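Please read the structure below before turning to the comments.
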Amino acid sequence: MDSRITAAMAVRGFIFDLDGVITDTAEFHYRGWKRLADEMGFPFDRAANEQLRGVSRRESLLRLLGERASQFTEDKLQDMMTRKNAYYLQSIQEISPRDMLPGARELLQELRAAHFKIALGSASKNARHVLRSLEIEKLFDAVADGYSVERHKPAPDLFLFAAKALQLAPGECVVVEDAAAGIEAAKAGGFYAVGLGPPERVGGADAVFPNLENVHVANVLNALKQ
Ligand code: B16
Ligand code: MG
């Protein structure tokens, strides 16, 4: 039997990224960074924000600052991250179960009903807070977030942490991601990767969908066999 077919049949768990997959907190991250950049007098726009998709808070700040980063002490960098996070937390106060991206809740529920194990694999330190606001904490067997590992995406560490928590091997798990750094992390760790978004961004995945709308377990497993 073709090795890809055998492997897709071996899938026992799913690891979901949060921002851009389950809910769209990207806009709130953008507004937080934009407010900080405006206050500091740094240029920042939506195009620059695309470079921050899926990367950690610290790496986001370093990318935003570019060559300016070396002018700042560690204390000042920490201060800027704290300020941005305060703006972000203010803006996500209103998040509710209505803010799930189309198809996400349905797929999570279908996976649970079919007894797949489910983990979160998000770079965010606010991930648990967001899961609670969306009222979906109970759908996850494990949570890997911004506190779980030192090395962030594109390193595979976060997804390896999630797989271990699920007691599964990487080859038994599908990672669902919207960021190029996340796809790179999944492939580096030996996971199946499902990319959500344009192929220019997530084309390195084993299967690509525009988003999770009308995506069922069977669609994912069949796409992995292609
Ligand atoms: P925080 P994900 C990522 O979430 C976001 O996409 C990214 O923009 C953000 O900088 C990162 O979390 C860290 O978030 O500041 O809340 O710790 O896509 O990995 O779910
Ligand atoms: Mg993401």
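FYI, nothing fancy with the structure tokens labels: chains A, B, ... in order, residues from 1 per chain, ligands from 1 as they appear.
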Non-local contacts of segment 88-93 of chain A (9 Å; only C-alpha atoms; under 5 positions in same chain excluded) as a PyMOL selection string: chain A and resi 25+28-33+83+126+130+133
How would the residues just picked look written out with N, CA and C atoms as an mmCIF file, in the first residue's frame?
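File written: result-v1.cif
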```cif
data_model
loop_
_atom_site.group_PDB
_atom_site.id
_atom_site.type_symbol
_atom_site.label_atom_id
_atom_site.label_comp_id
_atom_site.auth_asym_id
_atom_site.auth_seq_id
_atom_site.Cartn_x
_atom_site.Cartn_y
_atom_site.Cartn_z
ATOM 1 N N THR A 25 -7.900 36.366 15.842
ATOM 2 C CA THR A 25 -7.386 37.384 16.760
ATOM 3 C C THR A 25 -6.319 38.249 16.079
ATOM 4 N N PHE A 28 -6.805 41.965 16.233
ATOM 5 C CA PHE A 28 -6.558 42.559 17.558
ATOM 6 C C PHE A 28 -5.061 42.656 17.841
ATOM 7 N N HIS A 29 -4.303 41.627 17.393
ATOM 8 C CA HIS A 29 -2.842 41.723 17.530
ATOM 9 C C HIS A 29 -2.355 42.931 16.724
ATOM 10 N N TYR A 30 -2.880 43.064 15.506
ATOM 11 C CA TYR A 30 -2.464 44.184 14.650
ATOM 12 C C TYR A 30 -2.717 45.522 15.341
ATOM 13 N N ARG A 31 -3.934 45.681 15.891
ATOM 14 C CA ARG A 31 -4.272 46.968 16.513
ATOM 15 C C ARG A 31 -3.379 47.252 17.722
ATOM 16 N N GLY A 32 -3.021 46.209 18.464
ATOM 17 C CA GLY A 32 -2.132 46.387 19.620
ATOM 18 C C GLY A 32 -0.748 46.863 19.183
ATOM 19 N N TRP A 33 -0.200 46.185 18.184
ATOM 20 C CA TRP A 33 1.131 46.583 17.681
ATOM 21 C C TRP A 33 1.071 47.958 17.044
ATOM 22 N N ARG A 83 3.142 46.572 27.176
ATOM 23 C CA ARG A 83 2.163 47.571 26.708
ATOM 24 C C ARG A 83 1.299 47.011 25.589
ATOM 25 N N ASN A 126 -1.784 34.045 25.582
ATOM 26 C CA ASN A 126 -3.177 34.335 25.947
ATOM 27 C C ASN A 126 -4.132 33.255 25.453
ATOM 28 N N VAL A 130 -8.364 32.932 25.579
ATOM 29 C CA VAL A 130 -9.195 32.975 24.376
ATOM 30 C C VAL A 130 -10.071 31.715 24.279
ATOM 31 N N SER A 133 -12.969 32.198 26.530
ATOM 32 C CA SER A 133 -13.946 33.161 25.986
ATOM 33 C C SER A 133 -14.781 32.538 24.869
#
```
Spatial neighbours of Glu150 of chain A, max dist 12 Å, only C-alpha atoms, sep filter under 6 positions, as a ChimeraX atom specification: /A:56,58,123,144,156-158,161
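Based on only C-alpha atoms and all ligand atoms, the protein and nucleic acid residues found within 7 Å of ligand 2 are, by chain and then by number, Asp17, Leu18, Asp19, Gly20, Val21, Arg53, Gly54, Glu177, Asp178 and Ala179 of chain A.
Inside segment 24-194 of chain A, the residues DSSP reads as strand (DSSP E or B) when given the backbone are Met100, Lys117, Ile118, Ala119, Leu120, Gly121, Ala142, Val143, Ala144, Cys173, Val174, Val175, Val176, Glu177, Tyr192, Ala193 and Val194 of chain A.
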Convert the current residue selection to file output with N, CA, C and O atoms, as a PDB file, in the first residue's frame.
```
ATOM      1  N   MET A 100     -15.925  32.248  16.653  1.00  0.00           N
ATOM      2  CA  MET A 100     -15.243  31.095  16.035  1.00  0.00           C
ATOM      3  C   MET A 100     -15.232  31.313  14.522  1.00  0.00           C
ATOM      4  O   MET A 100     -16.225  31.773  13.952  1.00  0.00           O
ATOM      5  N   LYS A 117      -7.905  12.411  19.234  1.00  0.00           N
ATOM      6  CA  LYS A 117      -7.411  13.281  20.300  1.00  0.00           C
ATOM      7  C   LYS A 117      -7.163  14.673  19.714  1.00  0.00           C
ATOM      8  O   LYS A 117      -6.756  14.799  18.548  1.00  0.00           O
ATOM      9  N   ILE A 118      -7.372  15.700  20.546  1.00  0.00           N
ATOM     10  CA  ILE A 118      -7.267  17.076  20.051  1.00  0.00           C
ATOM     11  C   ILE A 118      -6.409  17.921  21.001  1.00  0.00           C
ATOM     12  O   ILE A 118      -6.624  17.921  22.211  1.00  0.00           O
ATOM     13  N   ALA A 119      -5.445  18.646  20.406  1.00  0.00           N
ATOM     14  CA  ALA A 119      -4.631  19.582  21.206  1.00  0.00           C
ATOM     15  C   ALA A 119      -4.628  20.949  20.536  1.00  0.00           C
ATOM     16  O   ALA A 119      -4.851  21.070  19.331  1.00  0.00           O
ATOM     17  N   LEU A 120      -4.352  21.952  21.342  1.00  0.00           N
ATOM     18  CA  LEU A 120      -4.090  23.276  20.806  1.00  0.00           C
ATOM     19  C   LEU A 120      -2.577  23.436  20.682  1.00  0.00           C
ATOM     20  O   LEU A 120      -1.835  22.970  21.559  1.00  0.00           O
ATOM     21  N   GLY A 121      -2.119  24.080  19.621  1.00  0.00           N
ATOM     22  CA  GLY A 121      -0.689  24.381  19.458  1.00  0.00           C
ATOM     23  C   GLY A 121      -0.545  25.829  19.030  1.00  0.00           C
ATOM     24  O   GLY A 121      -0.401  26.114  17.851  1.00  0.00           O
ATOM     25  N   ALA A 142      -5.460  18.576  25.356  1.00  0.00           N
ATOM     26  CA  ALA A 142      -4.200  19.182  25.812  1.00  0.00           C
ATOM     27  C   ALA A 142      -4.050  20.566  25.189  1.00  0.00           C
ATOM     28  O   ALA A 142      -4.584  20.832  24.111  1.00  0.00           O
ATOM     29  N   VAL A 143      -3.306  21.412  25.905  1.00  0.00           N
ATOM     30  CA  VAL A 143      -3.046  22.765  25.390  1.00  0.00           C
ATOM     31  C   VAL A 143      -1.540  23.021  25.406  1.00  0.00           C
ATOM     32  O   VAL A 143      -0.898  22.911  26.456  1.00  0.00           O
ATOM     33  N   ALA A 144      -0.990  23.341  24.252  1.00  0.00           N
ATOM     34  CA  ALA A 144       0.398  23.813  24.151  1.00  0.00           C
ATOM     35  C   ALA A 144       0.302  25.278  23.743  1.00  0.00           C
ATOM     36  O   ALA A 144      -0.335  25.600  22.731  1.00  0.00           O
ATOM     37  N   CYS A 173      -0.256  12.528  14.008  1.00  0.00           N
ATOM     38  CA  CYS A 173      -0.984  13.793  14.231  1.00  0.00           C
ATOM     39  C   CYS A 173      -1.003  14.673  12.986  1.00  0.00           C
ATOM     40  O   CYS A 173      -0.033  14.744  12.242  1.00  0.00           O
ATOM     41  N   VAL A 174      -2.114  15.387  12.829  1.00  0.00           N
ATOM     42  CA  VAL A 174      -2.261  16.394  11.786  1.00  0.00           C
ATOM     43  C   VAL A 174      -2.236  17.764  12.459  1.00  0.00           C
ATOM     44  O   VAL A 174      -2.989  18.006  13.401  1.00  0.00           O
ATOM     45  N   VAL A 175      -1.351  18.637  11.985  1.00  0.00           N
ATOM     46  CA  VAL A 175      -1.310  20.015  12.480  1.00  0.00           C
ATOM     47  C   VAL A 175      -2.097  20.893  11.516  1.00  0.00           C
ATOM     48  O   VAL A 175      -1.914  20.811  10.297  1.00  0.00           O
ATOM     49  N   VAL A 176      -2.990  21.706  12.049  1.00  0.00           N
ATOM     50  CA  VAL A 176      -3.783  22.625  11.212  1.00  0.00           C
ATOM     51  C   VAL A 176      -3.298  24.046  11.498  1.00  0.00           C
ATOM     52  O   VAL A 176      -3.377  24.514  12.632  1.00  0.00           O
ATOM     53  N   GLU A 177      -2.791  24.727  10.487  1.00  0.00           N
ATOM     54  CA  GLU A 177      -2.085  26.001  10.646  1.00  0.00           C
ATOM     55  C   GLU A 177      -2.437  27.008   9.548  1.00  0.00           C
ATOM     56  O   GLU A 177      -2.734  26.614   8.425  1.00  0.00           O
ATOM     57  N   TYR A 192       1.876  15.596   9.864  1.00  0.00           N
ATOM     58  CA  TYR A 192       1.099  15.994   8.683  1.00  0.00           C
ATOM     59  C   TYR A 192       0.701  17.431   8.886  1.00  0.00           C
ATOM     60  O   TYR A 192       0.355  17.836  10.006  1.00  0.00           O
ATOM     61  N   ALA A 193       0.728  18.220   7.812  1.00  0.00           N
ATOM     62  CA  ALA A 193       0.355  19.633   7.933  1.00  0.00           C
ATOM     63  C   ALA A 193      -0.797  19.953   7.005  1.00  0.00           C
ATOM     64  O   ALA A 193      -0.755  19.645   5.810  1.00  0.00           O
ATOM     65  N   VAL A 194      -1.824  20.579   7.568  1.00  0.00           N
ATOM     66  CA  VAL A 194      -2.929  21.114   6.769  1.00  0.00           C
ATOM     67  C   VAL A 194      -2.812  22.630   6.845  1.00  0.00           C
ATOM     68  O   VAL A 194      -2.794  23.207   7.943  1.00  0.00           O
TER      69      VAL A 194
END
```
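Minimum atom-to-atom distances from A:Glu50, A:Leu77, A:Leu168, A:Phe116 to Leu62 of chain A were compared using only C-alpha atoms, and the lowest value belongs to A:Leu77.
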Distance query segment 36-38 of chain A at most 10 Å, only C-alpha atoms, self and fewer than 3 positions along chain excluded, as a PyMOL selection string: chain A and resi 30-33+41-45+61+64-65+80-81+83-85+87
Selection to disk with all heavy atoms, as a short mmCIF file (atom, residue, chain, number, x, y, z; two decimals), in the first residue's frame:
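The resulting file, result_36.cif, is reproduced below:
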```cif
data_model
loop_
_atom_site.label_atom_id
_atom_site.label_comp_id
_atom_site.auth_asym_id
_atom_site.auth_seq_id
_atom_site.Cartn_x
_atom_site.Cartn_y
_atom_site.Cartn_z
N TYR A 30 -2.88 43.06 15.51
CA TYR A 30 -2.46 44.18 14.65
C TYR A 30 -2.72 45.52 15.34
O TYR A 30 -1.83 46.38 15.40
CB TYR A 30 -3.20 44.14 13.30
CG TYR A 30 -3.02 45.42 12.52
CD1 TYR A 30 -1.78 45.75 11.98
CD2 TYR A 30 -4.06 46.34 12.37
CE1 TYR A 30 -1.58 46.94 11.31
CE2 TYR A 30 -3.88 47.53 11.70
CZ TYR A 30 -2.64 47.83 11.17
OH TYR A 30 -2.44 49.02 10.52
N ARG A 31 -3.93 45.68 15.89
CA ARG A 31 -4.27 46.97 16.51
C ARG A 31 -3.38 47.25 17.72
O ARG A 31 -3.01 48.40 17.96
CB ARG A 31 -5.74 46.99 16.94
CG ARG A 31 -6.66 47.06 15.73
CD ARG A 31 -8.10 47.17 16.16
NE ARG A 31 -8.98 46.65 15.15
CZ ARG A 31 -10.26 46.37 15.34
NH1 ARG A 31 -10.82 46.57 16.52
NH2 ARG A 31 -11.00 45.91 14.36
N GLY A 32 -3.02 46.21 18.46
CA GLY A 32 -2.13 46.39 19.62
C GLY A 32 -0.75 46.86 19.18
O GLY A 32 -0.20 47.82 19.73
N TRP A 33 -0.20 46.19 18.18
CA TRP A 33 1.13 46.58 17.68
C TRP A 33 1.07 47.96 17.04
O TRP A 33 2.00 48.77 17.18
CB TRP A 33 1.66 45.56 16.67
CG TRP A 33 2.09 44.25 17.25
CD1 TRP A 33 1.63 43.00 16.90
CD2 TRP A 33 3.08 44.02 18.27
NE1 TRP A 33 2.25 42.04 17.65
CE2 TRP A 33 3.15 42.63 18.50
CE3 TRP A 33 3.89 44.87 19.03
CZ2 TRP A 33 4.01 42.07 19.44
CZ3 TRP A 33 4.76 44.30 19.96
CH2 TRP A 33 4.82 42.92 20.16
N GLY A 41 6.33 56.23 17.43
CA GLY A 41 6.74 56.90 16.19
C GLY A 41 7.41 55.99 15.18
O GLY A 41 8.22 56.43 14.37
N PHE A 42 7.09 54.67 15.23
CA PHE A 42 7.66 53.72 14.26
C PHE A 42 6.65 53.45 13.16
O PHE A 42 5.46 53.33 13.43
CB PHE A 42 7.97 52.37 14.92
CG PHE A 42 8.89 52.44 16.08
CD1 PHE A 42 8.70 51.60 17.18
CD2 PHE A 42 9.96 53.33 16.10
CE1 PHE A 42 9.54 51.66 18.27
CE2 PHE A 42 10.82 53.38 17.19
CZ PHE A 42 10.60 52.56 18.27
N PRO A 43 7.13 53.29 11.91
CA PRO A 43 6.19 52.93 10.85
C PRO A 43 5.70 51.50 11.02
O PRO A 43 6.47 50.62 11.41
CB PRO A 43 7.04 53.07 9.57
CG PRO A 43 8.45 52.88 10.03
CD PRO A 43 8.52 53.37 11.45
N PHE A 44 4.43 51.27 10.79
CA PHE A 44 3.87 49.91 10.86
C PHE A 44 2.52 49.92 10.15
O PHE A 44 1.72 50.81 10.37
CB PHE A 44 3.67 49.48 12.33
CG PHE A 44 3.24 48.05 12.49
CD1 PHE A 44 4.06 47.01 12.08
CD2 PHE A 44 2.01 47.74 13.05
CE1 PHE A 44 3.66 45.68 12.23
CE2 PHE A 44 1.60 46.42 13.21
CZ PHE A 44 2.44 45.39 12.80
N ASP A 45 2.33 48.95 9.27
CA ASP A 45 1.04 48.88 8.58
C ASP A 45 0.62 47.42 8.43
O ASP A 45 1.31 46.51 8.90
CB ASP A 45 1.11 49.58 7.21
CG ASP A 45 2.20 49.00 6.32
OD1 ASP A 45 2.66 47.86 6.60
OD2 ASP A 45 2.60 49.66 5.35
N LEU A 61 7.85 41.70 18.05
CA LEU A 61 8.41 43.01 18.38
C LEU A 61 9.73 43.22 17.63
O LEU A 61 9.96 44.30 17.07
CB LEU A 61 8.62 43.14 19.89
CG LEU A 61 9.28 44.45 20.33
CD1 LEU A 61 8.41 45.66 19.98
CD2 LEU A 61 9.57 44.45 21.83
N LEU A 64 9.04 44.01 14.12
CA LEU A 64 8.46 45.36 14.00
C LEU A 64 9.56 46.41 14.09
O LEU A 64 9.58 47.38 13.34
CB LEU A 64 7.42 45.55 15.10
CG LEU A 64 6.56 46.81 15.11
CD1 LEU A 64 5.24 46.52 15.84
CD2 LEU A 64 7.23 47.99 15.77
N LEU A 65 10.50 46.19 15.01
CA LEU A 65 11.56 47.18 15.22
C LEU A 65 12.64 47.13 14.15
O LEU A 65 13.28 48.14 13.86
CB LEU A 65 12.21 46.97 16.60
CG LEU A 65 11.32 47.27 17.82
CD1 LEU A 65 12.05 46.86 19.10
CD2 LEU A 65 10.94 48.74 17.87
N MET A 80 7.77 47.33 26.17
CA MET A 80 6.97 47.46 24.95
C MET A 80 6.04 46.24 24.78
O MET A 80 4.89 46.38 24.38
CB MET A 80 7.88 47.65 23.73
CG MET A 80 8.50 49.04 23.69
SD MET A 80 9.35 49.37 22.14
CE MET A 80 10.99 48.80 22.50
N MET A 81 6.56 45.05 25.10
CA MET A 81 5.72 43.83 24.98
C MET A 81 4.56 43.88 25.97
O MET A 81 3.44 43.50 25.64
CB MET A 81 6.58 42.58 25.22
CG MET A 81 7.48 42.25 24.05
SD MET A 81 8.28 40.64 24.26
CE MET A 81 9.71 41.08 25.19
N ARG A 83 3.14 46.57 27.18
CA ARG A 83 2.16 47.57 26.71
C ARG A 83 1.30 47.01 25.59
O ARG A 83 0.08 47.13 25.60
CB ARG A 83 2.89 48.82 26.21
CG ARG A 83 3.11 49.82 27.34
CD ARG A 83 4.12 50.86 26.98
NE ARG A 83 3.75 51.70 25.85
CZ ARG A 83 4.61 52.51 25.23
NH1 ARG A 83 5.86 52.58 25.64
NH2 ARG A 83 4.23 53.26 24.23
N LYS A 84 1.96 46.38 24.62
CA LYS A 84 1.17 45.81 23.50
C LYS A 84 0.19 44.78 24.03
O LYS A 84 -0.97 44.73 23.61
CB LYS A 84 2.11 45.20 22.46
CG LYS A 84 1.39 44.60 21.26
CD LYS A 84 1.06 43.13 21.46
CE LYS A 84 0.19 42.57 20.36
NZ LYS A 84 -0.07 41.13 20.56
N ASN A 85 0.65 43.95 24.98
CA ASN A 85 -0.26 42.90 25.48
C ASN A 85 -1.44 43.50 26.22
O ASN A 85 -2.56 42.98 26.14
CB ASN A 85 0.50 41.92 26.36
CG ASN A 85 -0.29 40.65 26.57
OD1 ASN A 85 -0.77 40.04 25.61
ND2 ASN A 85 -0.50 40.25 27.82
N TYR A 87 -2.89 46.34 25.51
CA TYR A 87 -3.82 46.81 24.46
C TYR A 87 -4.57 45.61 23.87
O TYR A 87 -5.77 45.67 23.62
CB TYR A 87 -3.07 47.53 23.33
CG TYR A 87 -2.25 48.72 23.77
CD1 TYR A 87 -1.09 49.10 23.09
CD2 TYR A 87 -2.63 49.48 24.87
CE1 TYR A 87 -0.34 50.18 23.49
CE2 TYR A 87 -1.87 50.58 25.28
CZ TYR A 87 -0.72 50.92 24.59
OH TYR A 87 0.03 51.98 24.98
#
```
Test item, helix (DSSP H, G or I) assignment across chain A, answer as an MDAnalysis selection string: chainID A and resid 3:9 26:40 46:50 57:71 74:94 97:99 104:113 127:134 137:139 157:166 170:172 180:188 199:202 217:225
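Every protein, DNA or RNA residue with an atom at most 7 Å from Val208 of chain A, where only C-alpha atoms count and chain neighbours fewer than 3 positions away do not, is listed here: Val194, Gly195, Leu196, Gly203 and Ala205 of chain A.
Of the listed residues (A:Ala207, A:Ala223, A:Val202, A:Ala218), A:Val202 comes nearest to Ile183 of chain A; the distances count only C-alpha atoms.
You can rank A:Asp206, A:Asp24, A:Glu106, A:Glu200 by their closest distance to Ala180 of chain A using only C-alpha atoms, and at the top of that list sits A:Glu200.
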Spatial neighbours of Arg132 of chain A, max dist 12 Å, only C-alpha atoms, sep filter under 3 positions, as a PyMOL selection string: chain A and resi 92-93+95-97+126-129+135-140
Who sits within 9 Å of Leu160 of chain A, only C-alpha atoms, same chain under 6 positions skipped, as number ranges by chain: A: 169-170, 186, 189, 191
Nearest-residue call for ligand 1, choices A:Gly103, A:Gly13, A:Gly66, A:Gly146, using only C-alpha atoms and all ligand atoms: A:Gly146
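As for atom CA of Leu52 of chain A and atom CA of Leu221 of chain A, they are spaced 29.6 Å apart.
Picture a line from atom CA of Arg105 of chain A to atom CA of Ile22 of chain A; it runs 7.8 Å.
Atom 7 (C, counted along the ligand's line) of ligand 1 is positioned 8.5 Å from atom CA of Ser122 of chain A.
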